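Dropping start.txt in here (compact mmCIF, C-alpha atoms):
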# COMPACT_ATOMS: atom_id res chain seq x y z
CA MET A 1 36.36 39.17 5.91
CA THR A 2 37.80 41.90 8.08
CA ALA A 3 36.78 40.03 11.18
CA PHE A 4 39.06 37.26 10.06
CA ALA A 5 41.95 39.58 9.29
CA LEU A 6 44.36 38.22 11.79
CA PRO A 7 47.57 40.26 11.69
CA THR A 8 49.63 38.16 14.05
CA ALA A 9 48.87 34.82 12.41
CA THR A 10 51.94 32.87 11.51
CA GLU A 11 50.06 30.53 9.18
CA PRO A 12 46.90 31.32 7.21
CA TYR A 13 43.57 29.80 8.22
CA VAL A 14 42.46 27.31 5.60
CA PRO A 15 38.78 26.47 5.94
CA PRO A 16 37.93 22.81 5.51
CA SER A 17 36.67 21.90 2.08
CA ILE A 18 34.43 19.21 0.66
CA SER A 19 37.57 17.33 -0.27
CA ASP A 20 38.37 16.99 3.40
CA THR A 21 35.23 14.88 3.84
CA HIS A 22 36.91 12.34 1.58
CA LEU A 23 39.65 10.89 3.69
CA PRO A 24 42.60 9.01 2.26
CA GLU A 25 41.48 5.71 0.88
CA VAL A 26 41.73 2.56 2.92
CA LEU A 27 42.57 0.54 -0.15
CA PRO A 28 43.96 2.84 -2.78
CA TRP A 29 42.45 1.70 -6.01
CA LEU A 30 40.05 3.29 -8.46
CA ALA A 31 40.94 6.60 -6.88
CA GLU A 32 39.00 9.58 -8.07
CA TYR A 33 39.72 12.77 -6.27
CA GLY A 34 41.47 10.83 -3.58
CA THR A 35 38.82 8.24 -2.92
CA GLY A 36 39.08 4.59 -3.65
CA PHE A 37 37.72 2.30 -1.05
CA GLY A 38 37.32 4.99 1.54
CA LYS A 39 36.27 5.41 5.11
CA GLN A 40 32.70 6.05 4.01
CA MET A 41 32.43 2.59 2.46
CA VAL A 42 33.96 0.94 5.50
CA MET A 43 31.32 2.65 7.62
CA ILE A 44 28.49 1.53 5.32
CA ILE A 45 29.63 -2.05 5.78
CA LEU A 46 30.19 -1.53 9.50
CA SER A 47 26.64 -0.19 9.84
CA ILE A 48 25.20 -3.29 8.18
CA ILE A 49 27.17 -5.57 10.48
CA LEU A 50 26.13 -3.60 13.57
CA ILE A 51 22.43 -3.48 12.66
CA VAL A 52 22.21 -7.18 11.85
CA TRP A 53 24.28 -8.12 14.91
CA PHE A 54 22.24 -6.00 17.32
CA PHE A 55 18.79 -6.99 16.14
CA LYS A 56 19.74 -10.61 15.57
CA SER A 57 21.23 -11.04 19.03
CA ALA A 58 18.42 -9.09 20.68
CA ILE A 59 15.79 -11.43 19.27
CA LYS A 60 17.83 -14.64 19.36
CA ASN A 61 16.08 -16.04 22.43
CA PRO A 62 12.84 -14.10 22.50
CA LYS A 63 11.27 -13.99 25.93
CA LEU A 64 7.66 -13.31 26.67
CA VAL A 65 8.82 -10.70 29.17
CA PRO A 66 11.66 -9.06 27.22
CA GLY A 67 15.07 -8.21 28.62
CA LYS A 68 16.67 -4.83 28.09
CA ALA A 69 18.14 -5.50 24.65
CA GLN A 70 15.04 -7.29 23.44
CA PHE A 71 12.81 -4.51 24.73
CA LEU A 72 14.94 -1.86 23.01
CA ALA A 73 15.03 -3.81 19.76
CA GLU A 74 11.31 -4.55 19.88
CA SER A 75 10.48 -0.93 20.63
CA ALA A 76 12.66 0.17 17.69
CA TYR A 77 11.10 -2.41 15.38
CA GLY A 78 7.63 -1.59 16.66
CA PHE A 79 8.22 2.12 16.08
CA VAL A 80 8.99 1.59 12.38
CA ARG A 81 6.34 -1.08 12.04
CA ASN A 82 3.48 0.81 13.66
CA SER A 83 4.27 4.52 13.63
CA VAL A 84 5.66 4.59 10.11
CA GLY A 85 4.46 1.45 8.32
CA ARG A 86 0.97 0.90 9.63
CA ASP A 87 0.02 4.54 10.13
CA ILE A 88 1.13 5.64 6.66
CA ILE A 89 0.61 2.62 4.39
CA GLY A 90 -2.50 1.41 6.18
CA GLU A 91 -3.61 -1.73 7.98
CA LYS A 92 -4.23 -3.71 4.79
CA ASN A 93 -0.91 -3.60 2.96
CA PHE A 94 1.73 -2.48 5.42
CA ALA A 95 3.07 -5.85 6.59
CA GLN A 96 5.11 -6.65 3.48
CA TRP A 97 6.73 -3.20 3.52
CA VAL A 98 7.89 -3.29 7.13
CA PRO A 99 11.27 -4.93 6.34
CA LEU A 100 12.09 -2.29 3.72
CA LEU A 101 11.11 0.56 6.02
CA PHE A 102 12.94 -1.03 8.92
CA ALA A 103 16.14 -1.55 6.90
CA THR A 104 15.93 1.97 5.44
CA PHE A 105 15.40 3.65 8.79
CA PHE A 106 18.15 1.91 10.71
CA PHE A 107 20.60 1.93 7.81
CA ILE A 108 20.28 5.70 7.52
CA LEU A 109 20.00 6.31 11.26
CA LEU A 110 23.15 4.42 12.16
CA ASN A 111 25.13 5.89 9.27
CA ASN A 112 24.01 9.37 10.31
CA LEU A 113 24.91 8.73 13.95
CA PHE A 114 28.41 7.71 12.87
CA GLY A 115 28.89 11.42 12.35
CA ALA A 116 28.40 12.00 16.07
CA ILE A 117 30.73 9.25 17.25
CA PRO A 118 34.31 10.37 17.90
CA PHE A 119 36.91 8.87 15.51
CA LEU A 120 34.24 7.62 13.14
CA GLN A 121 33.00 11.21 12.88
CA LEU A 122 31.63 10.97 9.35
CA PRO A 123 27.98 10.63 8.43
CA SER A 124 28.04 8.25 5.48
CA PHE A 125 25.19 10.04 3.78
CA SER A 126 27.11 13.30 3.60
CA HIS A 127 28.56 11.69 0.47
CA ALA A 128 26.12 12.22 -2.36
CA GLY A 129 26.68 8.75 -3.78
CA ALA A 130 25.19 6.99 -0.76
CA ALA A 131 22.15 9.29 -0.68
CA TYR A 132 21.62 8.82 -4.44
CA ALA A 133 21.83 5.06 -4.04
CA MET A 134 19.12 5.02 -1.41
CA ALA A 135 16.92 7.44 -3.33
CA ILE A 136 17.28 5.39 -6.54
CA ILE A 137 16.32 2.19 -4.72
CA ILE A 138 13.23 3.84 -3.26
CA TYR A 139 12.38 5.55 -6.57
CA GLY A 140 12.55 2.23 -8.41
CA THR A 141 10.53 0.56 -5.66
CA TRP A 142 7.53 2.88 -5.63
CA ILE A 143 7.34 3.06 -9.44
CA ALA A 144 7.44 -0.75 -9.57
CA VAL A 145 4.71 -0.91 -6.91
CA GLY A 146 2.55 1.50 -8.90
CA VAL A 147 2.97 -0.40 -12.17
CA LYS A 148 2.40 -3.75 -10.48
CA ASN A 149 -0.82 -2.57 -8.85
CA HIS A 150 -2.30 -0.43 -11.62
CA GLY A 151 -0.46 -1.48 -14.78
CA ILE A 152 0.79 1.12 -17.21
CA ARG A 153 -2.23 3.23 -16.27
CA TYR A 154 -0.30 4.07 -13.11
CA PHE A 155 1.66 6.80 -14.92
CA LYS A 156 -1.61 8.46 -15.91
CA LEU A 157 -2.92 8.17 -12.35
CA ALA A 158 0.31 9.65 -11.02
CA VAL A 159 0.41 12.70 -13.27
CA VAL A 160 -3.25 13.51 -14.04
CA PRO A 161 -4.87 14.86 -10.89
CA SER A 162 -8.55 14.04 -10.52
CA GLY A 163 -11.18 16.65 -9.82
CA VAL A 164 -9.30 19.38 -11.65
CA PRO A 165 -10.97 21.30 -14.51
CA GLY A 166 -9.78 20.28 -17.96
CA TRP A 167 -8.45 23.64 -19.04
CA ILE A 168 -5.84 23.62 -16.29
CA MET A 169 -4.52 20.19 -17.33
CA PRO A 170 -1.85 21.47 -19.73
CA LEU A 171 -0.37 23.24 -16.74
CA MET A 172 -0.94 20.58 -14.13
CA VAL A 173 0.30 17.51 -16.00
CA PRO A 174 3.83 18.80 -16.74
CA LEU A 175 4.05 20.09 -13.19
CA GLU A 176 3.01 16.73 -11.78
CA ILE A 177 5.52 14.93 -14.03
CA ILE A 178 8.32 17.22 -12.88
CA SER A 179 7.24 17.09 -9.25
CA ASN A 180 6.67 13.34 -9.00
CA PHE A 181 9.24 11.82 -11.30
CA ILE A 182 12.11 14.30 -11.38
CA VAL A 183 12.08 16.51 -8.31
CA ARG A 184 10.90 13.84 -5.87
CA PRO A 185 14.00 11.56 -6.00
CA LEU A 186 16.29 14.58 -6.08
CA THR A 187 14.79 16.18 -2.97
CA HIS A 188 14.57 12.78 -1.32
CA SER A 189 18.33 12.25 -1.64
CA LEU A 190 19.61 15.83 -1.46
CA ARG A 191 17.66 16.62 1.72
CA LEU A 192 19.52 13.83 3.47
CA MET A 193 22.90 14.51 1.88
CA ALA A 194 22.80 18.25 2.41
CA THR A 195 21.80 18.12 6.07
CA MET A 196 24.44 15.53 6.82
CA LEU A 197 27.12 17.36 4.84
CA ALA A 198 26.26 20.67 6.48
CA GLY A 199 26.41 19.09 9.91
CA HIS A 200 29.72 17.51 9.10
CA MET A 201 31.10 20.77 7.73
CA ILE A 202 30.07 22.56 10.92
CA VAL A 203 31.95 19.98 12.97
CA MET A 204 35.03 20.36 10.78
CA LEU A 205 34.76 24.13 10.77
CA ALA A 206 34.43 24.29 14.54
CA ALA A 207 37.32 21.88 15.02
CA THR A 208 39.77 23.50 12.62
CA GLY A 209 38.64 27.00 13.57
CA ALA A 210 39.05 26.36 17.28
CA ARG A 211 42.41 24.76 16.68
CA HIS A 212 43.52 27.74 14.63
CA LEU A 213 42.27 30.25 17.18
CA ILE A 214 43.84 28.51 20.15
CA MET A 215 47.02 27.03 18.74
CA VAL A 216 48.05 29.43 16.00
CA GLN A 217 46.83 32.81 17.17
CA GLU A 218 48.90 34.53 19.81
CA SER A 219 46.27 36.99 21.05
CA LEU A 220 44.76 35.85 24.34
CA ALA A 221 41.35 37.23 23.33
CA LEU A 222 41.32 35.15 20.19
CA ASN A 223 42.36 32.09 22.18
CA ALA A 224 39.38 32.74 24.47
CA VAL A 225 37.13 32.97 21.44
CA GLY A 226 38.49 29.59 20.39
CA VAL A 227 37.33 28.14 23.72
CA LEU A 228 33.90 29.72 23.09
CA VAL A 229 33.82 28.00 19.71
CA ILE A 230 34.38 24.64 21.41
CA VAL A 231 31.57 25.38 23.91
CA GLY A 232 29.30 26.41 21.06
CA SER A 233 30.17 23.29 19.10
CA VAL A 234 28.76 21.16 21.94
CA ALA A 235 25.38 22.80 21.37
CA MET A 236 25.81 22.21 17.64
CA TYR A 237 26.64 18.57 18.40
CA PHE A 238 23.26 18.04 20.08
CA LEU A 239 21.47 19.90 17.30
CA GLU A 240 23.25 17.60 14.86
CA LEU A 241 22.15 14.53 16.82
CA LEU A 242 18.57 15.72 16.56
CA ILE A 243 18.94 16.36 12.82
CA MET A 244 20.53 12.94 12.26
CA VAL A 245 17.59 11.15 13.86
CA LEU A 246 15.08 13.47 12.25
CA GLN A 247 16.49 13.03 8.74
CA ALA A 248 16.53 9.24 9.05
CA PHE A 249 12.90 9.44 10.16
CA VAL A 250 11.96 11.88 7.37
CA PHE A 251 13.62 9.73 4.71
CA THR A 252 11.76 6.63 5.94
CA LEU A 253 8.49 8.51 6.32
CA LEU A 254 8.74 9.79 2.74
CA THR A 255 9.54 6.26 1.56
CA ALA A 256 6.34 5.04 3.23
CA ILE A 257 4.36 7.94 1.76
CA TYR A 258 5.66 7.26 -1.77
CA ILE A 259 4.82 3.56 -1.49
CA GLN A 260 1.38 4.35 -0.08
CA GLY A 261 0.81 6.80 -2.94
CA ALA A 262 1.75 4.13 -5.47
CA LEU A 263 -0.47 1.51 -3.80
CA ASP A 264 -3.51 3.75 -3.63
CA ALA A 265 -2.90 5.78 -6.79
CA ASP A 266 -6.53 5.41 -7.85
CA ALA A 267 -7.98 6.36 -4.48
CA HIS A 268 -7.61 10.09 -4.96
CA MET B 1 45.44 34.62 5.95
CA ILE B 2 42.00 34.04 4.59
CA SER B 3 41.40 35.15 1.09
CA ASN B 4 38.56 34.76 -1.34
CA GLU B 5 40.86 32.74 -3.54
CA LEU B 6 41.40 30.22 -0.79
CA ILE B 7 37.68 29.88 -0.12
CA LEU B 8 36.91 29.56 -3.80
CA ALA B 9 39.67 27.03 -4.20
CA ALA B 10 38.22 25.05 -1.33
CA GLY B 11 34.76 25.22 -2.91
CA GLU B 12 36.06 24.03 -6.25
CA SER B 13 37.98 21.16 -4.81
CA ALA B 14 35.05 18.81 -5.21
CA ASN B 15 31.43 19.22 -6.17
CA PRO B 16 29.42 17.67 -3.33
CA LEU B 17 26.62 16.82 -5.76
CA LEU B 18 28.84 14.66 -7.92
CA PRO B 19 28.80 11.15 -6.53
CA ASN B 20 31.60 8.69 -6.40
CA PRO B 21 30.11 5.80 -8.40
CA TRP B 22 31.79 3.29 -6.13
CA GLU B 23 29.97 4.78 -3.17
CA ILE B 24 26.67 4.36 -4.99
CA LEU B 25 27.55 0.76 -5.69
CA VAL B 26 28.75 -0.03 -2.18
CA THR B 27 25.74 1.67 -0.56
CA ALA B 28 23.25 0.00 -2.90
CA ALA B 29 24.84 -3.42 -2.54
CA GLY B 30 25.19 -2.97 1.22
CA PHE B 31 21.56 -1.96 1.52
CA ALA B 32 20.52 -4.93 -0.60
CA VAL B 33 22.42 -7.26 1.74
CA LEU B 34 20.90 -5.57 4.78
CA LEU B 35 17.41 -5.75 3.30
CA PHE B 36 17.90 -9.42 2.48
CA LEU B 37 19.01 -10.20 6.05
CA VAL B 38 16.15 -8.18 7.49
CA VAL B 39 13.56 -9.87 5.27
CA LYS B 40 14.99 -13.32 5.86
CA TYR B 41 15.88 -13.29 9.54
CA ILE B 42 15.17 -10.14 11.51
CA ALA B 43 11.62 -9.12 10.56
CA PRO B 44 10.19 -12.68 10.83
CA ALA B 45 11.82 -13.10 14.24
CA PHE B 46 10.29 -9.88 15.53
CA GLU B 47 6.90 -10.63 14.01
CA LYS B 48 7.02 -14.09 15.55
CA SER B 49 7.97 -12.71 18.96
CA TYR B 50 5.10 -10.25 18.68
CA GLN B 51 2.67 -12.96 17.63
CA ASP B 52 3.87 -15.26 20.41
CA ARG B 53 3.25 -12.53 22.93
CA VAL B 54 -0.21 -11.85 21.53
CA THR B 55 -0.97 -15.57 21.62
CA ALA B 56 0.36 -15.91 25.16
CA ILE B 57 -1.65 -12.96 26.41
CA GLU B 58 -4.77 -14.05 24.61
CA GLY B 59 -4.20 -17.62 25.80
CA GLY B 60 -3.87 -16.38 29.38
CA LEU B 61 -7.05 -14.38 29.01
CA GLU B 62 -8.83 -17.36 27.55
CA LYS B 63 -7.63 -19.53 30.40
CA ALA B 64 -8.85 -16.98 32.93
CA GLU B 65 -12.16 -16.77 31.13
CA ALA B 66 -12.47 -20.53 31.16
CA ALA B 67 -11.70 -20.63 34.89
CA GLN B 68 -14.27 -17.88 35.48
CA ALA B 69 -16.84 -19.76 33.44
CA GLU B 70 -16.11 -22.93 35.36
CA ALA B 71 -16.46 -21.11 38.67
CA ASN B 72 -19.74 -19.62 37.51
CA ALA B 73 -20.98 -23.03 36.42
CA THR B 74 -20.06 -24.53 39.79
CA LEU B 75 -21.80 -21.68 41.56
CA GLU B 76 -24.90 -22.21 39.44
CA GLN B 77 -24.74 -25.90 40.20
CA TYR B 78 -24.49 -25.24 43.91
CA LYS B 79 -27.35 -22.82 43.75
CA ALA B 80 -29.43 -25.33 41.83
CA GLN B 81 -28.57 -28.04 44.33
CA LEU B 82 -29.43 -25.76 47.22
CA LEU B 83 -32.72 -24.88 45.61
CA GLU B 84 -33.39 -28.53 44.97
CA ALA B 85 -32.59 -29.40 48.58
CA ARG B 86 -34.90 -26.66 49.80
CA THR B 87 -37.66 -27.82 47.52
CA GLU B 88 -37.08 -31.35 48.67
CA ALA B 89 -37.24 -30.30 52.32
CA ASN B 90 -40.41 -28.34 51.67
CA ARG B 91 -41.87 -31.25 49.84
CA ILE B 92 -40.99 -33.63 52.67
CA ARG B 93 -42.46 -31.22 55.18
CA GLU B 94 -45.59 -30.89 53.11
CA ASP B 95 -45.80 -34.64 52.69
CA ALA B 96 -45.39 -35.12 56.41
CA ARG B 97 -48.08 -32.61 57.09
CA GLU B 98 -50.38 -34.26 54.61
CA GLU B 99 -49.57 -37.66 55.96
CA GLY B 100 -50.19 -36.44 59.48
CA ALA B 101 -53.51 -34.99 58.42
CA LEU B 102 -54.29 -38.22 56.65
CA ILE B 103 -53.39 -40.30 59.68
CA LEU B 104 -55.46 -38.03 61.88
CA ALA B 105 -58.40 -38.27 59.55
CA GLU B 106 -57.99 -42.01 59.37
CA LEU B 107 -57.85 -42.27 63.12
CA LYS B 108 -60.89 -40.11 63.41
CA THR B 109 -62.73 -42.25 60.91
CA LYS B 110 -61.58 -45.38 62.66
CA ALA B 111 -62.67 -44.00 66.02
CA ALA B 112 -65.98 -42.97 64.59
CA GLU B 113 -66.36 -46.41 63.01
CA GLU B 114 -65.35 -48.09 66.22
CA SER B 115 -67.80 -46.05 68.20
CA ALA B 116 -70.46 -46.73 65.61
CA ARG B 117 -69.60 -50.40 65.74
CA ILE B 118 -69.73 -50.43 69.51
CA THR B 119 -73.02 -48.58 69.49
CA GLU B 120 -74.36 -50.97 66.90
CA GLN B 121 -73.20 -53.92 68.90
CA ALA B 122 -74.81 -52.48 72.01
CA HIS B 123 -78.00 -51.91 70.09
CA ARG B 124 -77.84 -55.35 68.69
CA GLN B 125 -77.22 -56.80 72.14
CA ILE B 126 -80.06 -54.81 73.58
CA GLU B 127 -82.27 -55.96 70.73
CA ALA B 128 -81.24 -59.54 71.27
CA GLU B 129 -81.84 -59.24 74.94
CA ARG B 130 -85.14 -57.60 74.25
CA THR B 131 -86.04 -60.32 71.80
CA ALA B 132 -85.01 -62.90 74.31
CA ALA B 133 -87.03 -61.10 76.90
CA VAL B 134 -90.02 -60.89 74.56
CA THR B 135 -89.63 -64.55 73.70
CA SER B 136 -89.41 -65.54 77.31
CA LEU B 137 -92.26 -63.14 78.08
CA ARG B 138 -94.31 -64.69 75.31
CA ALA B 139 -93.73 -68.07 76.79
CA GLU B 140 -94.53 -66.73 80.23
CA VAL B 141 -97.51 -64.85 78.91
CA GLY B 142 -98.88 -68.14 77.63
CA THR B 143 -98.47 -69.68 81.02
CA LEU B 144 -99.76 -66.54 82.67
CA ALA B 145 -102.63 -66.44 80.25
CA THR B 146 -103.38 -70.02 80.85
CA SER B 147 -103.24 -69.54 84.60
CA LEU B 148 -105.14 -66.30 84.27
CA ALA B 149 -107.67 -67.97 82.05
CA SER B 150 -108.11 -70.77 84.48
CA LYS B 151 -108.49 -68.22 87.27
CA ILE B 152 -110.89 -66.17 85.21
CA VAL B 153 -112.76 -69.24 84.25
CA ASP B 154 -112.94 -70.16 87.92
CA ASP B 155 -113.96 -66.67 88.81
CA ALA B 156 -116.30 -66.31 85.87
CA LEU B 157 -118.16 -69.16 87.01
CA GLU B 158 -118.92 -67.09 90.09
CA ASN B 159 -119.37 -63.65 88.42
CA ASP B 160 -120.07 -63.28 84.71
CA GLU B 161 -119.96 -59.55 84.65
CA ARG B 162 -116.58 -59.29 86.38
CA ALA B 163 -115.14 -62.04 84.20
CA ALA B 164 -116.05 -60.15 81.15
CA ARG B 165 -114.33 -56.99 82.55
CA VAL B 166 -111.12 -58.87 83.40
CA VAL B 167 -110.93 -60.39 79.96
CA ASP B 168 -111.45 -57.03 78.33
CA LYS B 169 -108.80 -55.42 80.47
CA PHE B 170 -106.34 -58.19 79.82
CA LEU B 171 -106.83 -58.01 76.14
CA ALA B 172 -106.43 -54.24 76.18
CA ASP B 173 -103.23 -54.55 78.17
CA LEU B 174 -101.93 -57.18 75.85
CA GLU B 175 -102.64 -54.99 72.89
CA THR B 176 -100.89 -52.01 74.44
CA GLN B 177 -97.92 -54.14 75.30
CA GLN B 178 -97.90 -55.57 71.82
CA ASN B 179 -97.93 -52.10 70.32
CA ALA B 180 -95.18 -50.91 72.63
CA GLY B 181 -93.07 -53.95 71.72
CA ALA B 182 -93.63 -53.39 67.99
CA SER B 183 -92.79 -49.72 68.22
CA ASN B 184 -89.63 -50.58 70.04

Starting from the file, give its structure as structure tokens.
Amino acid sequence: MTAFALPTATEPYVPPSISDTHLPEVLPWLAEYGTGFGKQMVMIILSIILIVWFFKSAIKNPKLVPGKAQFLAESAYGFVRNSVGRDIIGEKNFAQWVPLLFATFFFILLNNLFGAIPFLQLPSFSHAGAAYAMAIIIYGTWIAVGVKNHGIRYFKLAVVPSGVPGWIMPLMVPLEIISNFIVRPLTHSLRLMATMLAGHMIVMLAATGARHLIMVQESLALNAVGVLVIVGSVAMYFLELLIMVLQAFVFTLLTAIYIQGALDADAH
Amino acid sequence: MISNELILAAGESANPLLPNPWEILVTAAGFAVLLFLVVKYIAPAFEKSYQDRVTAIEGGLEKAEAAQAEANATLEQYKAQLLEARTEANRIREDAREEGALILAELKTKAAEESARITEQAHRQIEAERTAAVTSLRAEVGTLATSLASKIVDDALENDERAARVVDKFLADLETQQNAGASN
């Protein structure tokens, strides 16, 4: 703390808090800790409009030799379809899951990238609610897939590992139940939420910190450090971009892996 | 100033793990709408575009293959025709040669026949002339014989022994002549 002991400060430095990620509501109703219909929800809706608009217009007049937009859209679709869907779920069953994987990937990707766009500057999934919603949808989906394909026996297939000696079962079965049915949806959602929230906090911290160092502090050295913070935040910005894309990919990849596991529960 | 109290207060302001239920609802509903639109419009359009491209490319390949096959067939046809023409030419040449040989042989035969015929005719003519000569000789011989006989008789009346010799000689001559004529 001594490093932050700033004797000449005229106002104290207040670090940004989680509450600051919840901006004043757009439509102030049902407000809990300052959030009714907030910016985050506007961005969720905006993302849906943007995704549908882009892909719909890109493929409106499909050409045999695609134009720029069509090529970009087809490459993006093909990436989810082939690199995630076909490679993970397998040639036989992947086709029907492509829309879900496609929607999941671009929904999360665009909402994450909102955090890197000035003025929007808020990754929607840094709010736990959004991440929970997605994780619950996927959780419900792969359990439904398992039950539909293997009946009620699916729960046995999912928690009783094959090829394991019987005496270790009392240990393995509870572990598998915890790992598959309790920890899995939690890690699925929290991984996304935490990385986005941390990225967003770093942005806020760098912004408020730099502002404090440059505007409030009177020492020239501290002002210079404030400039360094801004330079450093550019590097953090690109790291964040990478993490935003990576987390969208990881979330979709895990979705595909869970669905594949439910489809082929009896194969291993 | 920064104090622990401030940081703690900031930390307690909201638990990041506690969701705003309305955000869950909006995100879930929004995702459902997005998924619906993707399933209904976007994914089929992309799959169709992909399929169309596959069809077009495969169609193009098929067309090229068909053209290639056609070209090959034409080439084969030309080759066959060429072969046929060559065979035909060979056959015609062979035929001509055979015909020529045949004509030559025929001519030779004809020439041989002609020469044989001419020879035969000559022989026949000679024979006829000989026959005629023999006939006329026979007739003359009679006359000669008669005249000879009369002479011999005349002479014999003078010399018996000589007459007998002349008669013998005549008869011997006649016999020789007869034999020569028969052998001819």

- Given the choices A:Phe71, A:Tyr132, A:Phe105, A:Phe94, which gets closest to chain B if the distance is worked out from all atoms listed in the file? A:Tyr132

- Message: For a test of reading the model, state the distance in Å between atom CA of Val80 of chain A and atom CA of Ser57 of chain A, rounded to one decimal.
- Response: 18.8 Å

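Proximity to chain A was assessed for B:Ala29, B:Leu107, B:Val38, B:Ala96 counting only C-alpha atoms; the smallest distance is recorded for B:Val38.
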
- Item | d(atom CA of Leu120 of chain A, atom CA of Phe238 of chain A) in Å |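 Distance between the two atoms: 16.7 Å.
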
- Query: If you measure from atom CA of Glu23 of chain B to atom CA of Met41 of chain A, what distance in Å do you get, rounded to one decimal?
  - Reply: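 These atoms are spaced 6.5 Å apart.
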
Give me the residues near Phe125 of chain A as a PDB file with C-alpha atoms, in the frame of the given file, where near means some atom within 12 Å (using only C-alpha atoms) and where sequence neighbours in that chain fewer than 5 positions away do not count.
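Output saved as out10.pdb:
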ATOM      1  CA  THR A  21      35.230  14.880   3.840  1.00  0.00           C
ATOM      2  CA  GLN A  40      32.700   6.050   4.010  1.00  0.00           C
ATOM      3  CA  MET A  41      32.430   2.590   2.460  1.00  0.00           C
ATOM      4  CA  MET A  43      31.320   2.650   7.620  1.00  0.00           C
ATOM      5  CA  ILE A  44      28.490   1.530   5.320  1.00  0.00           C
ATOM      6  CA  SER A  47      26.640  -0.190   9.840  1.00  0.00           C
ATOM      7  CA  PHE A 107      20.600   1.930   7.810  1.00  0.00           C
ATOM      8  CA  ILE A 108      20.280   5.700   7.520  1.00  0.00           C
ATOM      9  CA  LEU A 109      20.000   6.310  11.260  1.00  0.00           C
ATOM     10  CA  LEU A 110      23.150   4.420  12.160  1.00  0.00           C
ATOM     11  CA  ASN A 111      25.130   5.890   9.270  1.00  0.00           C
ATOM     12  CA  ASN A 112      24.010   9.370  10.310  1.00  0.00           C
ATOM     13  CA  LEU A 113      24.910   8.730  13.950  1.00  0.00           C
ATOM     14  CA  PHE A 114      28.410   7.710  12.870  1.00  0.00           C
ATOM     15  CA  GLY A 115      28.890  11.420  12.350  1.00  0.00           C
ATOM     16  CA  ALA A 130      25.190   6.990  -0.760  1.00  0.00           C
ATOM     17  CA  ALA A 131      22.150   9.290  -0.680  1.00  0.00           C
ATOM     18  CA  TYR A 132      21.620   8.820  -4.440  1.00  0.00           C
ATOM     19  CA  ALA A 133      21.830   5.060  -4.040  1.00  0.00           C
ATOM     20  CA  MET A 134      19.120   5.020  -1.410  1.00  0.00           C
ATOM     21  CA  ALA A 135      16.920   7.440  -3.330  1.00  0.00           C
ATOM     22  CA  SER A 189      18.330  12.250  -1.640  1.00  0.00           C
ATOM     23  CA  LEU A 190      19.610  15.830  -1.460  1.00  0.00           C
ATOM     24  CA  ARG A 191      17.660  16.620   1.720  1.00  0.00           C
ATOM     25  CA  LEU A 192      19.520  13.830   3.470  1.00  0.00           C
ATOM     26  CA  MET A 193      22.900  14.510   1.880  1.00  0.00           C
ATOM     27  CA  ALA A 194      22.800  18.250   2.410  1.00  0.00           C
ATOM     28  CA  THR A 195      21.800  18.120   6.070  1.00  0.00           C
ATOM     29  CA  MET A 196      24.440  15.530   6.820  1.00  0.00           C
ATOM     30  CA  LEU A 197      27.120  17.360   4.840  1.00  0.00           C
ATOM     31  CA  ALA A 198      26.260  20.670   6.480  1.00  0.00           C
ATOM     32  CA  GLY A 199      26.410  19.090   9.910  1.00  0.00           C
ATOM     33  CA  HIS A 200      29.720  17.510   9.100  1.00  0.00           C
ATOM     34  CA  MET A 244      20.530  12.940  12.260  1.00  0.00           C
ATOM     35  CA  GLN A 247      16.490  13.030   8.740  1.00  0.00           C
ATOM     36  CA  ALA A 248      16.530   9.240   9.050  1.00  0.00           C
ATOM     37  CA  PHE A 251      13.620   9.730   4.710  1.00  0.00           C
TER      38      PHE A 251
ATOM     39  CA  PRO B  16      29.420  17.670  -3.330  1.00  0.00           C
ATOM     40  CA  LEU B  17      26.620  16.820  -5.760  1.00  0.00           C
ATOM     41  CA  PRO B  19      28.800  11.150  -6.530  1.00  0.00           C
ATOM     42  CA  GLU B  23      29.970   4.780  -3.170  1.00  0.00           C
ATOM     43  CA  ILE B  24      26.670   4.360  -4.990  1.00  0.00           C
ATOM     44  CA  THR B  27      25.740   1.670  -0.560  1.00  0.00           C
TER      45      THR B  27
END
